[in-house]
Structures are given as C-alpha cells and as structure tokens.
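Scroll down for the structure; my scribbles are underneath it.
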Amino acid sequence: MSEALIEAHSLFMRYPTGRLALEGASLAVRPGEFTVVLGANGSGKSTLLRIVAGIIKPTEGTARIAGQEITRLTGRALADARMAVGMVFQHANLVKRRSVLANVLCGTLGRHRNFATALGMLPRQEIPYGMHCLANVGLQEFAAQRAGTLSGGQAQRAAIARALAQRPRALLADEPVASLDPEATNQVMRLLRHVAANEGMAVLCVLHQPNLARRYADRIVGLRRGVVRFAAPPDEVTDPEIDALYEETAR
C-alpha cells in the first residue's frame with residue numbers, strides 16, 4: 001500500500017479563547033484517494049484543514065504533506081512546502097476583471113518568484129500548462145473570458161484549475177459546493193473525484209452534506225467535538241454514526 005500524501009497525527013488545537021477545536025485528531029489520505037470530512041459546525045473540520053495546509057499551527061501534534069512535516073516550518077521553508085498542497089475554498093475568489101486563464105496562471109506563481117511576477121506579470125511560459133489545467137476542468141473555451149462572467153459552478157471549476165496549476169501532490173477543499181446549485185455541485189464533486197483517481201492526488205474535502213460524501217468519497221471521516229469518531233469507506237459507515245455527528249455539540 002502506498003504511503004499517505006496527507007497525514008495528521010494526534011492534532012490538538014486550543015484557541016486563545018480556551019476553546020478546544022481538535023482533540024487528538026488523526027487521519028491519512030493516500031494517492032488517488034478522495035476523503036471527505038463530515039461534522040457539525042464547530043466540530044473542528046476547517047481547523048483540521050487549515051493545519052494540514054500550513055495556515056495555522058496546532059497546539060500539539062504533527063501534519064505532513066508528501067512526507068514533509070509542515071507544522072514546524074516557517075518563512076520560505078513553509079512557503080516551499082505549501083507548494084505541494086493546493087487549496088479550494090467555499091468561494092472561488094477569482095480576480096473578476098482578469099481572464100479565466102490569467103486567474104489559473106496565478107497558481108503557477110510559486111515557481112516564478114522574480115521581479116516580473118512581483119510587479120504583477122504572469123509567466124507566459126506557463127500558458128500551455130494553464131490551458132491544460134483548464135481542459136482538465138472543461139473550461140478551455142472560457143480561457144479568454146473575464147472571470148467575472150462565469151457562473152458559480154464554472155468559477156469553482158476555474159478555482160480548481162488554479163489549484164492544479166500549482167502542480168500539487170495533494171488537494172484540500174473547504175466546503176467547495178456550499179453555495180452551488182445541485183447541478184454545479186455534482187459537477188464539482190465529480191471533478192474532485194476525477195482529480196484523485198486520474199491525477200493520483202490525495203484529495204481531502206470538508207462537506208456538510210452526508211449524501212454527497214456517500215456518493216463520491218472513497219473514505220468518510222466523521223469529526224465530532226474535535227475527535228475523529230470514524231474513518232471508513234462509505235458502505236461501512238452507518239446512518240446512526242453520521243446522525244450522531246450532528247447532535248448537540250455545545251460543551
């Protein structure tokens with residue numbers, strides 16, 4: 001069995017307010033695997049994703065991307081390590097006045113830290129790869145179109161293309177379909193599953209919809225009050241186990 005590309009081990013996270021967001025949470029996502037994290041608001045889902053992405057540091061525990069521990073890095077070393085993980089958020093956060101292709105090329109900037117890119121110029125040598133990423137998400141014909149003219153589902157697919165342009169080993173998605181209609185939701189979910197299966201990436205996705213997790217995920221992780229309650233393939237997770245994640249979570 002291949003080694004995990006995303007690893008979290010015994011993560012604890014206590015915020016300055018005293019709230020304990022994670023309590024010994026662990027998970028692993030292997031190449032080609034699409035894992036969905038389910039849990040109620042306040043269960044620690046987004047905190048877990050932000051730690052794995054290197055955005056925040058845990059109180060205790062470790063996270064690794066492609067074998068490199070990311071939780072102890074700072075500065076340039078952290079920036080370099082984060083190139084191995086792409087991020088997709090609830091909102092696409094595209095620069096609306098720029099073309100779709102220009103937005104995708106922004107994902108390549110970590111490989112081109114120079115005076116020109118510091119002035120806002122995009123690396124022209126990356127245009128063929130940017131078009132390849134747009135083709136992967138079915139948007140190549142929209143390359144020259146202003147990003148602000150895309151529908152919600154198209155914008156989210158463009159955001160995924162931007163993340164892929166980074167050439168990551170792993171992809172993290174934080175509620176990527178929360179604001180989409182059902183058709184666009186299924187398009188994005190199929191795309192995330194395709195990225196895992198066909199690109200060999202480890203994909204870790206936070207969702208609120210158990211039905212989508214059951215339909216698309218290879219593995220479901222249930223998080224309640226900062227604790228991983230189960231981690232198993234969808235057909236091994238029972239409805240009562242999922243329902244228990246959404247019971248009253250107040251402490």
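Numbering starts fresh at 1 for the residues of each chain in the structure tokens, the chains themselves are lettered A, B, ... in the order given, and ligands are numbered from 1 as they appear.
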Neighbours of range 60-72 of chain A within 6 Å (only C-alpha atoms; same-chain residues fewer than 2 positions away dropped), as a list in words?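 Counting only C-alpha atoms, the residues come to Leu5, Ile6, Glu7, Ala8, His9, Ser10, Leu11, Phe12, Val52, Gly54, Lys57 and Pro58 of chain A.
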Quick one: everything within 12 Å of Pro234 in chain A, counting only C-alpha atoms, minus sequence neighbours fewer than 5 positions away in the same chain. Send it as a list in words. Phe34, Thr35, Val36, Val37, Leu38, Pro210, Asn211, Leu212, Ala213, Arg214, Arg215, Tyr216, Ala217, Asp218, Arg219, Ile220, Val221, Gly222, Asp239, Glu241 and Ile242 of chain A
With only C-alpha atoms counted and 6 Å as the cut-off, give the residues of range 145-196 of chain A in contact with range 79-99 of chain A, each with its shortest interatomic distance in Å and the pair that gives it, as a Markdown table.
| residue | atom | partner | partner_atom | distance |
| --- | --- | --- | --- | --- |
| A:Gln145 | CA | A:Ser99 | CA | 5.2 |
| A:Arg146 | CA | A:Ser99 | CA | 4.2 |
| A:Ala147 | CA | A:Lys96 | CA | 4.6 |
| A:Gly148 | CA | A:Lys96 | CA | 4.0 |
| A:Ala155 | CA | A:Ala92 | CA | 5.9 |
| A:Gln156 | CA | A:Ala92 | CA | 5.1 |
| A:Ala159 | CA | A:Ala92 | CA | 5.4 |
| A:Ala163 | CA | A:Gly86 | CA | 4.9 |
| A:Pro168 | CA | A:Ala84 | CA | 4.3 |
| A:Arg169 | CA | A:Ala84 | CA | 5.1 |
| A:Ala170 | CA | A:Val85 | CA | 4.8 |
| A:Leu171 | CA | A:Gly86 | CA | 4.7 |
| A:Leu172 | CA | A:Met87 | CA | 4.9 |
| A:Ala173 | CA | A:Val88 | CA | 4.5 |
| A:Asp174 | CA | A:Phe89 | CA | 4.9 |
| A:Glu175 | CA | A:Gln90 | CA | 5.1 |
| A:Pro176 | CA | A:Gln90 | CA | 4.3 |
Could you save those same residues with all heavy atoms as a short mmCIF file (atom, residue, chain, number, x, y, z; two decimals), in the first residue's frame?
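This went into selection-v7.cif:
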data_model
loop_
_atom_site.label_atom_id
_atom_site.label_comp_id
_atom_site.auth_asym_id
_atom_site.auth_seq_id
_atom_site.Cartn_x
_atom_site.Cartn_y
_atom_site.Cartn_z
N GLN A 145 -12.14 34.65 -21.51
CA GLN A 145 -13.30 35.33 -20.96
C GLN A 145 -12.98 35.91 -19.58
O GLN A 145 -12.19 35.35 -18.83
CB GLN A 145 -14.46 34.32 -20.84
CG GLN A 145 -15.81 34.93 -20.55
CD GLN A 145 -16.92 33.91 -20.79
OE1 GLN A 145 -16.97 33.28 -21.84
NE2 GLN A 145 -17.79 33.73 -19.80
N ARG A 146 -13.59 37.05 -19.26
CA ARG A 146 -13.40 37.64 -17.93
C ARG A 146 -13.98 36.70 -16.88
O ARG A 146 -15.08 36.17 -17.02
CB ARG A 146 -14.07 39.01 -17.83
CG ARG A 146 -13.34 40.11 -18.58
CD ARG A 146 -14.06 41.45 -18.48
NE ARG A 146 -14.12 41.92 -17.10
CZ ARG A 146 -15.22 41.96 -16.36
NH1 ARG A 146 -16.38 41.54 -16.84
NH2 ARG A 146 -15.19 42.43 -15.12
N ALA A 147 -13.24 36.50 -15.80
CA ALA A 147 -13.67 35.57 -14.75
C ALA A 147 -14.98 35.99 -14.13
O ALA A 147 -15.76 35.15 -13.67
CB ALA A 147 -12.58 35.45 -13.68
N GLY A 148 -15.26 37.29 -14.11
CA GLY A 148 -16.49 37.78 -13.50
C GLY A 148 -17.75 37.38 -14.25
O GLY A 148 -18.85 37.54 -13.72
N ALA A 155 -16.98 29.10 -11.98
CA ALA A 155 -15.96 29.79 -11.20
C ALA A 155 -15.25 28.82 -10.25
O ALA A 155 -14.02 28.88 -10.09
CB ALA A 155 -16.57 30.94 -10.41
N GLN A 156 -16.00 27.91 -9.65
CA GLN A 156 -15.39 26.95 -8.73
C GLN A 156 -14.49 25.98 -9.49
O GLN A 156 -13.43 25.60 -9.01
CB GLN A 156 -16.46 26.21 -7.94
CG GLN A 156 -15.95 25.48 -6.71
CD GLN A 156 -15.36 26.41 -5.67
OE1 GLN A 156 -14.32 27.04 -5.88
NE2 GLN A 156 -16.02 26.51 -4.53
N ALA A 159 -11.35 27.74 -10.11
CA ALA A 159 -10.54 27.75 -8.90
C ALA A 159 -9.80 26.43 -8.73
O ALA A 159 -8.65 26.40 -8.27
CB ALA A 159 -11.42 28.04 -7.68
N ALA A 163 -5.73 25.77 -8.65
CA ALA A 163 -5.02 24.93 -7.68
C ALA A 163 -4.18 23.86 -8.39
O ALA A 163 -3.05 23.58 -7.98
CB ALA A 163 -6.02 24.27 -6.73
N PRO A 168 0.32 20.52 -7.41
CA PRO A 168 0.39 19.99 -6.04
C PRO A 168 0.37 18.47 -6.02
O PRO A 168 -0.02 17.81 -7.00
CB PRO A 168 -0.88 20.55 -5.40
CG PRO A 168 -1.86 20.59 -6.54
CD PRO A 168 -1.03 20.97 -7.75
N ARG A 169 0.76 17.90 -4.90
CA ARG A 169 0.64 16.46 -4.67
C ARG A 169 -0.68 16.13 -4.00
O ARG A 169 -1.17 15.00 -4.08
CB ARG A 169 1.79 15.97 -3.77
CG ARG A 169 3.19 16.26 -4.30
CD ARG A 169 3.57 15.32 -5.42
NE ARG A 169 3.46 13.92 -5.04
CZ ARG A 169 4.36 13.26 -4.29
NH1 ARG A 169 5.43 13.89 -3.84
NH2 ARG A 169 4.18 11.98 -4.02
N ALA A 170 -1.24 17.12 -3.31
CA ALA A 170 -2.49 16.93 -2.56
C ALA A 170 -3.38 18.14 -2.77
O ALA A 170 -2.90 19.25 -3.06
CB ALA A 170 -2.20 16.74 -1.07
N LEU A 171 -4.69 17.92 -2.63
CA LEU A 171 -5.66 19.00 -2.82
C LEU A 171 -6.60 19.02 -1.61
O LEU A 171 -7.14 17.99 -1.22
CB LEU A 171 -6.46 18.77 -4.10
CG LEU A 171 -7.39 19.89 -4.55
CD1 LEU A 171 -6.59 21.14 -4.93
CD2 LEU A 171 -8.23 19.43 -5.74
N LEU A 172 -6.78 20.21 -1.03
CA LEU A 172 -7.68 20.41 0.09
C LEU A 172 -8.84 21.29 -0.36
O LEU A 172 -8.63 22.30 -1.02
CB LEU A 172 -6.96 21.09 1.26
CG LEU A 172 -5.66 20.45 1.74
CD1 LEU A 172 -5.08 21.27 2.89
CD2 LEU A 172 -5.87 19.01 2.16
N ALA A 173 -10.06 20.89 -0.01
CA ALA A 173 -11.24 21.65 -0.41
C ALA A 173 -12.12 21.88 0.81
O ALA A 173 -12.55 20.93 1.46
CB ALA A 173 -12.02 20.90 -1.49
N ASP A 174 -12.36 23.15 1.13
CA ASP A 174 -13.14 23.51 2.31
C ASP A 174 -14.54 23.94 1.89
O ASP A 174 -14.76 25.06 1.43
CB ASP A 174 -12.43 24.64 3.07
CG ASP A 174 -13.01 24.87 4.46
OD1 ASP A 174 -13.97 24.16 4.82
OD2 ASP A 174 -12.52 25.75 5.17
N GLU A 175 -15.51 23.04 2.01
CA GLU A 175 -16.90 23.28 1.63
C GLU A 175 -17.01 23.89 0.23
O GLU A 175 -17.61 24.95 0.02
CB GLU A 175 -17.59 24.18 2.66
CG GLU A 175 -17.64 23.55 4.05
CD GLU A 175 -18.48 24.36 5.03
OE1 GLU A 175 -19.49 24.94 4.59
OE2 GLU A 175 -18.10 24.42 6.21
N PRO A 176 -16.43 23.22 -0.78
CA PRO A 176 -16.36 23.82 -2.13
C PRO A 176 -17.69 23.92 -2.85
O PRO A 176 -17.77 24.59 -3.88
CB PRO A 176 -15.41 22.86 -2.86
CG PRO A 176 -15.64 21.54 -2.20
CD PRO A 176 -15.84 21.88 -0.74
#
Among range 30-122 of chain A, which residues carry a DSSP assignment of alpha helix (DSSP H), reported as number ranges by chain? A: 45-52, 75-82, 100-105, 115-118
Considering only C-alpha atoms, return as a list in words whatever protein or nucleic-acid residues lie within 7 Å of Val137 in chain A, sequence-local ones (same chain, fewer than 4 positions apart) excluded. Cys133, Arg157, Ala161 and Leu191 of chain A
List the neighbours of range 122-132 of chain A out to 9 Å using only C-alpha atoms; skip same-chain residues closer than 2 positions along the sequence, and give me the result as a list in words.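 My reading of the contact set: Leu101, Ala102, Val104, Leu105, Cys106, Gly107, Thr108, Leu109, His112, Ala116, Thr117, Gly120, Leu134, Ala135, Asn136, Val137, Leu139, Gln140, Ala143, Ala161, Arg162, Leu164 and Ala165 of chain A.
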One number please: CA of Val228 in chain A to CA of Gly24 in chain A, in Å, one decimal. 8.0 Å
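Across the structure, CA of Leu27 in chain A and CA of Gln187 in chain A are spaced 26.4 Å apart.
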Return the single residue from A:Gly42, A:Gly32, A:Gly200, A:Pro16 that is closest to Arg225 in chain A, with distances computed using only C-alpha atoms.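 Between A:Gly42, A:Gly32, A:Gly200, A:Pro16, the residue approaching Arg225 in chain A most closely is A:Gly42.
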